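**Q** Supplied in structure tokens, the structure appears directly below.
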Amino acid sequence: MSLLFGIGIYAQFAFLPGFVQTPKSTGYGLGASITESGLILLPQSATVFLAGLGSGRLAARIGGKAVVVLGALVSTGAMTMLAFAHSHTWELYVATAVMGAGFGLAFPAMSSLIVKAVPPEQTGVASGMNANIRTIGGSVGAALMASVVTASPAADGLPREAGYTNGFTMLSGALLIAAVAGLLIPVGRRSSRVEYVQESQESHPFRTTPATRPGP
């Protein structure tokens, strides 16, 4: 899921500004300035923050796994909107805001699931690998997006609208696969491990189990 989320979020960051800066003479571009293209991404930053604040509470109610899948589905819908509804600036604002909400829900819940899935002494390694794999996904997504967008340029050398549509559709597919992958996430490993240690201590109060043995 980290890899697929990286493909979606970083490729979108890289190519959405270029899309809105495309001249209006192409028939699909908005002719936005650099400042305006940056402002289109601002709602996403805001909703990532706000959704992240509520992700933990929602996970406590419906479970972290459900929140991760929900965030992936919300992001998929937003990316699909970018692919097929991008004729007006307000559509892009709505799409980026919804996408930020999806990412904001998924990332904290996914980090929590990763921490719960490994022994306490490995949480740093697991969290670091989560970030690394997401970054790798970003590199892969940007390369794939570049290939799709520039596959058949127009006579003036600019990408065609179909290139962006196909590219954003590809990213939407990656996020949808992430939602399906989220259904396969195992949960409760650490809780089971703790219960096992407690049972071992109760059965053998004078034995130090490997799980409770002090480190060097």
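Residues are named by chain letter and number: chains run A, B, ... in the order of the structure tokens, numbers start at 1 in each chain, and ligands are numbered from 1 in the order shown.
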Against region 55-73 of chain A, which residues of region 129-190 of chain A fall within 12 Å? For each one I want the closest pair of atoms and the distance in Å (one decimal), counting only C-alpha atoms, rows by chain and increasing residue number, as JSON lines.

**A**
```
{"residue": "A:Leu171", "atom": "CA", "partner": "A:Ala72", "partner_atom": "CA", "distance": 11.6}
{"residue": "A:Ser172", "atom": "CA", "partner": "A:Leu73", "partner_atom": "CA", "distance": 9.4}
{"residue": "A:Gly173", "atom": "CA", "partner": "A:Leu73", "partner_atom": "CA", "distance": 10.5}
{"residue": "A:Ala174", "atom": "CA", "partner": "A:Ala72", "partner_atom": "CA", "distance": 9.6}
{"residue": "A:Leu175", "atom": "CA", "partner": "A:Ala72", "partner_atom": "CA", "distance": 5.9}
{"residue": "A:Leu176", "atom": "CA", "partner": "A:Leu73", "partner_atom": "CA", "distance": 6.4}
{"residue": "A:Ile177", "atom": "CA", "partner": "A:Ala72", "partner_atom": "CA", "distance": 8.8}
{"residue": "A:Ala178", "atom": "CA", "partner": "A:Ala72", "partner_atom": "CA", "distance": 6.4}
{"residue": "A:Ala179", "atom": "CA", "partner": "A:Val69", "partner_atom": "CA", "distance": 4.9}
{"residue": "A:Val180", "atom": "CA", "partner": "A:Val69", "partner_atom": "CA", "distance": 7.5}
{"residue": "A:Ala181", "atom": "CA", "partner": "A:Val69", "partner_atom": "CA", "distance": 8.4}
{"residue": "A:Gly182", "atom": "CA", "partner": "A:Val69", "partner_atom": "CA", "distance": 5.5}
{"residue": "A:Leu183", "atom": "CA", "partner": "A:Val69", "partner_atom": "CA", "distance": 7.0}
{"residue": "A:Leu184", "atom": "CA", "partner": "A:Lys65", "partner_atom": "CA", "distance": 9.1}
{"residue": "A:Ile185", "atom": "CA", "partner": "A:Lys65", "partner_atom": "CA", "distance": 6.9}
{"residue": "A:Pro186", "atom": "CA", "partner": "A:Lys65", "partner_atom": "CA", "distance": 8.5}
{"residue": "A:Val187", "atom": "CA", "partner": "A:Lys65", "partner_atom": "CA", "distance": 7.6}
{"residue": "A:Gly188", "atom": "CA", "partner": "A:Lys65", "partner_atom": "CA", "distance": 10.5}
```

**Q** I'd like the contact shell of Tyr10 (chain A) - 8 Å cut-off, only C-alpha atoms, skipping same-chain residues fewer than 6 positions apart - returned as a list in words.

**A**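 That gives Gly138, Ser139, Gly141 and Ala142 of chain A.
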
**Q** Quick one: residues within 7 Å of Met99 (chain A), only C-alpha atoms counted, chain neighbours fewer than 3 positions away excluded, as a ChimeraX atom specification?

**A** /A:44,74-75,78,95-96,102-103

**Q** Record the distance separating CA of Pro23 (chain A) and CA of Gly100 (chain A), expressed in Å with one decimal.

**A**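 Here the two named atoms are 26.3 Å from each other.
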
**Q** What gap, in Å, lies between CA of Ser45 (chain A) and CA of Leu144 (chain A)?

**A** 24.0 Å
